[in-house]
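Here the structure comes first, spelled out in structure tokens, and everything after it is commentary.
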Amino acid sequence: MIRLNNIVATYTTTRGEVSAVDGVNLEIPTGKIIGIAGESGCGKSTLLKVIYGDLIYPLALKTGSVQYGFDSFGQEVTTSDIKEYWFKRISYIPQSSMSSLNPVIRINKQFTDHLDPSTDKAKVLEDVRAYVQKLDLPPEAIDAYPHQLSGGMRQRIMVAMGTFFNPDIILADEPTTALDVVVQKGILLLLMGLQEETKSTIFFVSHDMGVHYQITHKMLIMYAAKVVEFGDSDIIFTEPLHPYTRMLIESLPTIGDDHLRTGVSGRPPSLWEDLTGCRFAPRCPLATELCQTTEPEFKEYRRGHFAACHYAENTYQSSEIAILYDHHPQNQSPE
Amino acid sequence: MTIILKTSHLNKVYKLGGFFNRIKINALDDVNLTVESDEPVIISVVGESGSGKTTLAKVILRLVEPTSGSAHVYDRLVAGKGDKPSNREFLNSVQPIFQNPFEAFSSHRTVDTYLSDTAVRVTKLSKTEAVDAMTEALHLVGLDYRDVRGKYSNQFSGGELQRVSIARALIPHPEIIVADEPVSMIDASLRMNIINLFLSLKEEYERSFLYITHDLATAYYISDYIAVMYRGSIVEFGDAKAILADPQHPYTQLLLDSIPEIGKKWQRKRIALADIEAKEFQFTGCRYCNRCPIAEDKCVTERPPAVKKVDGRDVYCHFA
Amino acid sequence: MKMNNRLKIGIVILTIMVLGSFLLPLFHNADPTKQGTFPKNLPPSLAHVLGTNSLGQDLFWWLVYAVRNSLILGVSVSIFTTLIAGTVGLTAGYIGGGSDRVIMTLTDVIIAIPVFPILIVLATLVRGQTSFLIVSVILIFFGWAWGARRVRSMALSLREREFINVAKFSGSTTLKIVFREVFPYVFAFMVVDFINAILWVINTEAALAVIGLSNVEIPTLGSIVFWALNYNALFIGQYMWIVAPVVATVVLFLGLFLTSTGYNQMYATRRGHS
């Protein structure tokens, strides 16, 4: 289990402190691909940084901790000492390979830079050369400078760097967003294959629900710095408990389906405002007075399926919500 | 019928490199598209990066001169040799929306100045008429002039800015709006609001759109026609629903197969990832030949011609 | 816009220097360069704040006039170099094409010529009679090129920005685009360049004066040092003669430097927020 204990992460700005992640309490099973979804600014990348222990000013962990589920000398590893396990037990795959690879250093050197001086680097590089072939890269690719490779190749190098040392936890922040769909599919299939082999835990941040559907085992939906739903992907995509999740899924058009689709209207609240009640209430077609005044508790409605919505219970017990959706003026289908 | 969009033998060659190792990239390679209709239409140009779709948009917007060939929009010649409309006439019939809403307005000017410029300079309205025109255009995209007036671009969200961009483009009542990846920078949850706006503008306001995108799903959702491009060439062009229901070019099939769609899990087959983009531009035969599962010798040596199918689509494949 | 401390300190220093050097001479009619006006080698006192030198000149008044003249030279030359740099850079960068190639070749030639040796040669030829005007013209001639290069490269990247195209489709002419879309972005850099140019001009003139190649009859920050060296000020214990102008120069440079970097910083954070 990986435990996120009441995580509050803040950014310090000229206007003061703002909580980009505001009270996340979760137990996450290991060995799965966990998708994190939400709109920009919802805190999904910040949560990833907290898990990685990459807390650089202006980002700070205000309260809470992460328990990674592995020990070191009998002591459980937590946020404060996770940095010592970077690359070895936890790794990070960023969105833009161009800004995370040093353009004037060959990739092979960047592969081995963080290793202890005592390690046999030549041996490691030999293994790396063999390893990158699994990712359809030629072994020579690691001897190149970053700019000599295409965007898709560089991103595969990043995947290779993130997975080579076989870490327990891999954090991927929109690793394929900048790529074309064909390359994206190729890389995601490779990543899924690697995960099945090594059974590592992957936290996969993306705003694309389609990508989440394809690769994740568990989904974590964030909205305005809070987790609003968490559960098995299969269930979340068929029977979501939170209206926001449902709207995220239904806003995507699919080929062959001529239904009118609508986006989620309005925009997320500013985190600077006084946020009472459910944060999604102003945009929710189902919101009632209760939602405006009382913040819904994040709780387990079904085994392993959590949500923060006053009306979550209704959603799965009856098809009432579906009817409500169809009658909502935004969701009228064309004749 | 009106020629809404017609490109004939449109070519654009970029030269890269120095004097000795100069290579030519055919960003557009003999692009032939014809859409005739009496009704407004939405035409999508779909392709990955390096497909030439943005170059095509730029040629039609007169931001790039084609190397050869011509392009007509609404019966007017916009690119190529011949009698072209004046700049003002052109701006009154073709208007753009660009990809990055945060970049569409200078951070030193309020966004409404771009709208009033368009009303005064392009449409030649008086100051008071301009305010009416702006109010009307902003109303069409679901915004209130009073909420936009005097604000800088950093006071809006991406979706709102893109609406302001659309409102600006609507002011001269152009016949066609060229939208280059208009939703790729917008949150997925808000994308459909913009896409639906295009649809309603087409239906209620009778505007045509040229929608440049890499996203087949939204293209399917709004388009009447679709052109799929690969490395500067058209590979398939015709009725959007027909093509996406039954793609006949192997590349269109691959593209369709790669979309991460909800409700349709990918087959866990490895796919070959080509990494020789520049080289593919140099191919004398089909540019897709080295990735194509059904390619034969002929594909390497001979450029496939357009094959007209019963449903009116063009497929550029020897085996179509 | 909030000013940072750097900028505040810089502006305070510059205000004191500018006001002091321009207002004080209004209450003092005597020529500070005239020798033997006062008794020689007086220590600092109320009448002579920095004392007098071995030529019987009041050091304080020398310094006041020197700062004023150096500032006048610096500012007037910099106005010209900045204007030329802006015009040339915007033309080359935004309009581009053939004009860009011609202009940039010219700019590179000027950058490639080492300024200081040329100045020494020129000044030696007209030794003693180098008027301020000639020094200014030479400094203007050599001073605009770097700025022009910077403005050009900014304009060049701005040209590709989307809002330029939006402006085109809003019916803006090229001239309007240059002034309303491109110039506001370049402006802050031109301000910084302007201040840096003042620094460079004062510095170069002082260097020329110290070796006696500017017009040493006119009090400038360089010419005091020239006279001090000429009369072996250090050897005869006239430390104030040399320390005072050096301190004044350092303070003035500090003021200009803090203003320039402070302004730059403020501008960068403002852009970061927007």
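Here's how to read the names in the structure tokens: chain A, B, ... by the order shown, residue numbers from 1 in each chain, ligand numbers from 1 in the order shown.
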Discussion item. Neighbouring residues of C:Asn53 were defined as those with any atom within 9 Å, considering only C-alpha atoms; residues of the same chain fewer than 3 positions away were excluded. Please report them as a list in words.
Written reply: Pro39, Lys40, Asn41, Leu42, Pro43, Gly56, Gln57, Asp58, Leu59, Ala228, Ala233, Gln238, Met240 and Trp241 of chain C
Go ahead and write the residues just picked, N, CA and C atoms, as a PDB file, in the first residue's frame.
ATOM      1  N   PRO C  39      43.385  78.895  -1.521  1.00  0.00           N
ATOM      2  CA  PRO C  39      44.692  78.429  -1.037  1.00  0.00           C
ATOM      3  C   PRO C  39      44.868  76.955  -1.378  1.00  0.00           C
ATOM      4  N   LYS C  40      46.150  76.566  -1.564  1.00  0.00           N
ATOM      5  CA  LYS C  40      46.410  75.179  -1.951  1.00  0.00           C
ATOM      6  C   LYS C  40      46.293  74.234  -0.765  1.00  0.00           C
ATOM      7  N   ASN C  41      46.057  72.963  -1.099  1.00  0.00           N
ATOM      8  CA  ASN C  41      46.158  71.851  -0.146  1.00  0.00           C
ATOM      9  C   ASN C  41      45.410  72.064   1.165  1.00  0.00           C
ATOM     10  N   LEU C  42      44.210  72.656   1.091  1.00  0.00           N
ATOM     11  CA  LEU C  42      43.430  72.801   2.317  1.00  0.00           C
ATOM     12  C   LEU C  42      42.769  71.471   2.659  1.00  0.00           C
ATOM     13  N   PRO C  43      42.734  71.131   3.949  1.00  0.00           N
ATOM     14  CA  PRO C  43      42.001  69.911   4.315  1.00  0.00           C
ATOM     15  C   PRO C  43      40.490  70.182   4.200  1.00  0.00           C
ATOM     16  N   GLY C  56      45.058  74.707  -6.139  1.00  0.00           N
ATOM     17  CA  GLY C  56      44.193  75.715  -5.540  1.00  0.00           C
ATOM     18  C   GLY C  56      42.771  75.670  -6.068  1.00  0.00           C
ATOM     19  N   GLN C  57      42.312  74.471  -6.489  1.00  0.00           N
ATOM     20  CA  GLN C  57      40.931  74.338  -6.948  1.00  0.00           C
ATOM     21  C   GLN C  57      40.117  73.645  -5.872  1.00  0.00           C
ATOM     22  N   ASP C  58      38.840  74.037  -5.760  1.00  0.00           N
ATOM     23  CA  ASP C  58      37.965  73.373  -4.789  1.00  0.00           C
ATOM     24  C   ASP C  58      37.533  72.033  -5.363  1.00  0.00           C
ATOM     25  N   LEU C  59      37.890  70.925  -4.702  1.00  0.00           N
ATOM     26  CA  LEU C  59      37.615  69.588  -5.243  1.00  0.00           C
ATOM     27  C   LEU C  59      36.134  69.289  -5.339  1.00  0.00           C
ATOM     28  N   ALA C 228      44.843  64.808 -11.484  1.00  0.00           N
ATOM     29  CA  ALA C 228      45.402  64.250 -10.253  1.00  0.00           C
ATOM     30  C   ALA C 228      46.662  63.448 -10.549  1.00  0.00           C
ATOM     31  N   ALA C 233      49.207  63.287  -7.504  1.00  0.00           N
ATOM     32  CA  ALA C 233      48.408  63.493  -6.301  1.00  0.00           C
ATOM     33  C   ALA C 233      48.711  62.484  -5.208  1.00  0.00           C
ATOM     34  N   GLN C 238      47.893  63.938  -1.783  1.00  0.00           N
ATOM     35  CA  GLN C 238      46.566  64.501  -2.070  1.00  0.00           C
ATOM     36  C   GLN C 238      45.569  63.379  -2.388  1.00  0.00           C
ATOM     37  N   MET C 240      42.548  62.821  -1.467  1.00  0.00           N
ATOM     38  CA  MET C 240      41.174  63.201  -1.761  1.00  0.00           C
ATOM     39  C   MET C 240      40.983  63.489  -3.246  1.00  0.00           C
ATOM     40  N   TRP C 241      42.034  64.022  -3.868  1.00  0.00           N
ATOM     41  CA  TRP C 241      41.984  64.406  -5.283  1.00  0.00           C
ATOM     42  C   TRP C 241      41.610  63.203  -6.163  1.00  0.00           C
TER      43      TRP C 241
END
Discussion item. Counting only C-alpha atoms, a student should be able to say which residues of chain A come within 12 Å of chain C; what is the right answer, written as a list in words?
Written reply: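 Every residue of chain A that passes the 12 Å test is in Thr13, Thr14 and Arg15 of chain A.
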Discussion item. Near chain B, meaning an atom within 7 Å, which residues of chain A appear when counting only C-alpha atoms? Write them as number ranges by chain.
Written reply: A: 39-40, 150, 180-183, 185-186, 189, 207-208, 210-211, 213-214, 248, 251, 253-256, 258, 261-265
Practice prompt. Kindly provide, as a PyMOL selection string, the residues of chain B having any atom no farther than 7 Å from an atom of chain C, counting only C-alpha atoms.
Written response: chain B and resi 91+95+103-106+108+114+117-118+121-122+154
Worksheet item: For the atom pair atom CA of B:Lys81 and atom CA of B:Ala169, what is the interatomic distance in Å to one decimal place?
Response: 26.6 Å
